[in-house]
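A.B. asks: Have a look at this one.
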Amino acid sequence: MVINAVLFDLDGTLRISIPGGMEMFLEYARRLGIAVNETNAQAGARWNHWYFAQSPALLEDLALGDEMALWTRYSARLLEAVGVTETSDARARAITEQFADYAPRSQLNDGAFDTLVGLKAAGFKLGLVSNRRNPLDQAVAELGLEGMFAFTLAAGQVGIWKPDPGLLREAMERGNCDPSRTAYVGDNFYADIVGARRAGVTPVLLDPQTIFPDADCMIIHHLTELLDWLVR
């Protein structure tokens, strides 16, 4: 098998938030006197990925139709996921309210630019495919990646969300990519790896914090490892 196209996820893969949402959740919990050990924090991070991969829990919470109710329910669920047995709406709401002051800085992930430049120079077709609602042009511009991708596609443009394979299939059709010669790189096992497999694409998991140590796919801890695999 020879890969000639590499598609990337956006958030958590090419673009990261500083500080991260999970990091701040644990900090806000600590301020309320809720301590979470490393093992439970890792379990919570895995659950967080599952939740945002169009999970039944997310769809149920979206149906609440109220933003504060949605995020309070999310906080309660995440407290349970990190091993807090005595959760309450008051505690969950207190954490949610602290996020009103959360203003992370978005930036290009370490090694992302060099990896994209190296792959493009080596002749790989590059694409950007994300579960974002809006087109990705603005994000590409803000990250300084204009001209880097042959095509981009946001889930909201077609109404299909990873892990549904339809999103990647639509992207490959637009980019004239052969699934058997395409790799998809993402940080969310439940959305990106499962979605890629369903679409017949080679999945690559970016997992710098070893959240998914037992993932049954290619795992990288830094984006430049793609160059070691595909170019060097």
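In the structure tokens, the first chain shown is A, the next is B, and so on; residue numbers restart at 1 for each chain, and ligands run from 1 in the order shown.
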Tell me which protein, DNA and RNA residues are within 8 Å of Trp50 of chain A, counting only C-alpha atoms, leaving out same-chain ones fewer than 4 positions away, and put them as a list of chain:residue names.
C.D. replies: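 Final neighbour list, sorted by chain and number: A:Arg46, A:Gln54, A:Ser55, A:Asn188, A:Phe189, A:Tyr190, A:Ala191.
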A.B. asks: The selected residues should be written to file as a PDB file, in the first residue's frame (atoms: N, CA and C atoms).
C.D. replies:
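The resulting file, part.pdb, is reproduced below:
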ATOM      1  N   ARG A  46     -10.489  10.267  27.961  1.00  0.00           N
ATOM      2  CA  ARG A  46     -11.033   9.308  26.987  1.00  0.00           C
ATOM      3  C   ARG A  46     -12.537   9.486  26.846  1.00  0.00           C
ATOM      4  N   GLN A  54     -20.162  12.527  18.533  1.00  0.00           N
ATOM      5  CA  GLN A  54     -21.576  12.308  18.228  1.00  0.00           C
ATOM      6  C   GLN A  54     -22.157  11.167  19.063  1.00  0.00           C
ATOM      7  N   SER A  55     -21.763  11.129  20.346  1.00  0.00           N
ATOM      8  CA  SER A  55     -22.225  10.067  21.236  1.00  0.00           C
ATOM      9  C   SER A  55     -23.709  10.231  21.542  1.00  0.00           C
ATOM     10  N   ASN A 188      -8.875  12.081  17.982  1.00  0.00           N
ATOM     11  CA  ASN A 188     -10.018  11.485  18.679  1.00  0.00           C
ATOM     12  C   ASN A 188     -10.254  10.080  18.147  1.00  0.00           C
ATOM     13  N   PHE A 189      -9.970   9.083  18.955  1.00  0.00           N
ATOM     14  CA  PHE A 189     -10.128   7.695  18.499  1.00  0.00           C
ATOM     15  C   PHE A 189     -11.549   7.425  18.029  1.00  0.00           C
ATOM     16  N   TYR A 190     -12.533   7.873  18.810  1.00  0.00           N
ATOM     17  CA  TYR A 190     -13.928   7.528  18.537  1.00  0.00           C
ATOM     18  C   TYR A 190     -14.467   8.213  17.288  1.00  0.00           C
ATOM     19  N   ALA A 191     -14.011   9.408  17.008  1.00  0.00           N
ATOM     20  CA  ALA A 191     -14.472  10.128  15.824  1.00  0.00           C
ATOM     21  C   ALA A 191     -13.559   9.871  14.627  1.00  0.00           C
TER      22      ALA A 191
END
A.B. asks: Just want the 7 Å neighbourhood of Thr13 of chain A, counted on only C-alpha atoms, with same-chain residues fewer than 2 positions away dropped. Output as a list of chain:residue names.
C.D. replies: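 Counting only the stated atoms, we get A:Asp9, A:Leu10, A:Asp11, A:Arg15, A:Ile16, A:Asn109, A:Gly186, A:Asp187, A:Leu206.
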A.B. asks: With a distance cut-off of 10 Å and only C-alpha atoms, select the neighbouring residues of Leu143 of chain A, excluding the residue or stretch itself and same-chain residues fewer than 2 positions from it, and output the selection as a ChimeraX atom specification.
C.D. replies: /A:14-15,106-109,113,138-141,145-146
A.B. asks: Go ahead and save the picked residues with C-alpha atoms, as a tab-separated table (two decimals), in the first residue's frame.
C.D. replies:
chain	number	residue	atom	x	y	z
A	14	LEU	CA	-3.43	20.81	13.60
A	15	ARG	CA	-4.92	23.43	15.94
A	106	SER	CA	-5.73	28.96	19.57
A	107	GLN	CA	-2.47	28.13	17.87
A	108	LEU	CA	-0.90	25.80	15.36
A	109	ASN	CA	0.15	22.53	16.96
A	113	PHE	CA	3.67	23.57	9.77
A	138	GLN	CA	-11.09	31.33	8.17
A	139	ALA	CA	-9.33	28.79	10.41
A	140	VAL	CA	-6.86	28.00	7.63
A	141	ALA	CA	-6.10	31.71	7.18
A	145	LEU	CA	-1.92	27.68	6.14
A	146	GLU	CA	-3.32	29.27	2.98
A.B. asks: Apply DSSP to the backbone of this structure and, from segment 8-230 of chain A, keep only the residues in strand (DSSP E); write these as a VMD selection string.
C.D. replies: chain A and resid 8 15 to 18 105 to 108 125 to 130 151 to 154 182 to 186 202 to 206 218 to 220
A.B. asks: Rank nothing, just name the residue among A:Leu62, A:Leu167, A:Leu119, A:Ala57 nearest to Phe149 of chain A, using only C-alpha atoms.
C.D. replies: A:Leu119
A.B. asks: Can you list, as a list of chain:residue names, all residues belonging to segment 139-207 of chain A that DSSP tags as alpha helix (DSSP H)?
C.D. replies: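 Restricting segment 139-207 of chain A to alpha helix (DSSP H) produces A:Ala139, A:Val140, A:Ala141, A:Glu142, A:Ala155, A:Gly156, A:Gln157, A:Val158, A:Gly166, A:Leu167, A:Leu168, A:Arg169, A:Glu170, A:Ala171, A:Met172, A:Glu173, A:Arg174, A:Gly175, A:Val194, A:Gly195, A:Ala196, A:Arg197, A:Arg198.
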A.B. asks: Could the residues in this selection be written to a file with C-alpha atoms, as a PDB file, in the first residue's frame?
C.D. replies:
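Output file again-v1.pdb is given in full below:
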ATOM      1  CA  ALA A 139      -9.332  28.792  10.413  1.00  0.00           C
ATOM      2  CA  VAL A 140      -6.865  27.998   7.628  1.00  0.00           C
ATOM      3  CA  ALA A 141      -6.102  31.706   7.179  1.00  0.00           C
ATOM      4  CA  GLU A 142      -5.736  32.371  10.906  1.00  0.00           C
ATOM      5  CA  ALA A 155     -19.180  18.558   8.598  1.00  0.00           C
ATOM      6  CA  GLY A 156     -21.712  21.375   8.750  1.00  0.00           C
ATOM      7  CA  GLN A 157     -21.337  21.952   5.011  1.00  0.00           C
ATOM      8  CA  VAL A 158     -22.780  18.526   4.219  1.00  0.00           C
ATOM      9  CA  GLY A 166     -19.967   9.799   4.788  1.00  0.00           C
ATOM     10  CA  LEU A 167     -17.947  12.901   5.710  1.00  0.00           C
ATOM     11  CA  LEU A 168     -14.597  11.420   4.698  1.00  0.00           C
ATOM     12  CA  ARG A 169     -16.137   9.783   1.632  1.00  0.00           C
ATOM     13  CA  GLU A 170     -17.497  13.143   0.508  1.00  0.00           C
ATOM     14  CA  ALA A 171     -14.107  14.745   1.142  1.00  0.00           C
ATOM     15  CA  MET A 172     -12.286  12.113  -0.884  1.00  0.00           C
ATOM     16  CA  GLU A 173     -14.733  12.482  -3.738  1.00  0.00           C
ATOM     17  CA  ARG A 174     -14.177  16.236  -3.777  1.00  0.00           C
ATOM     18  CA  GLY A 175     -10.418  15.766  -3.621  1.00  0.00           C
ATOM     19  CA  VAL A 194     -13.454   4.815  13.771  1.00  0.00           C
ATOM     20  CA  GLY A 195     -14.620   7.193  11.042  1.00  0.00           C
ATOM     21  CA  ALA A 196     -11.510   6.604   8.931  1.00  0.00           C
ATOM     22  CA  ARG A 197     -11.825   2.839   9.173  1.00  0.00           C
ATOM     23  CA  ARG A 198     -15.462   2.964   8.174  1.00  0.00           C
TER      24      ARG A 198
END
A.B. asks: Between A:Ala183, A:Ala154, A:Ala29, A:Ala81, which has the minimum distance to Arg93 of chain A (counting only C-alpha atoms)?
C.D. replies: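 Once distances to Arg93 of chain A are computed over only C-alpha atoms, the minimum belongs to A:Ala29.
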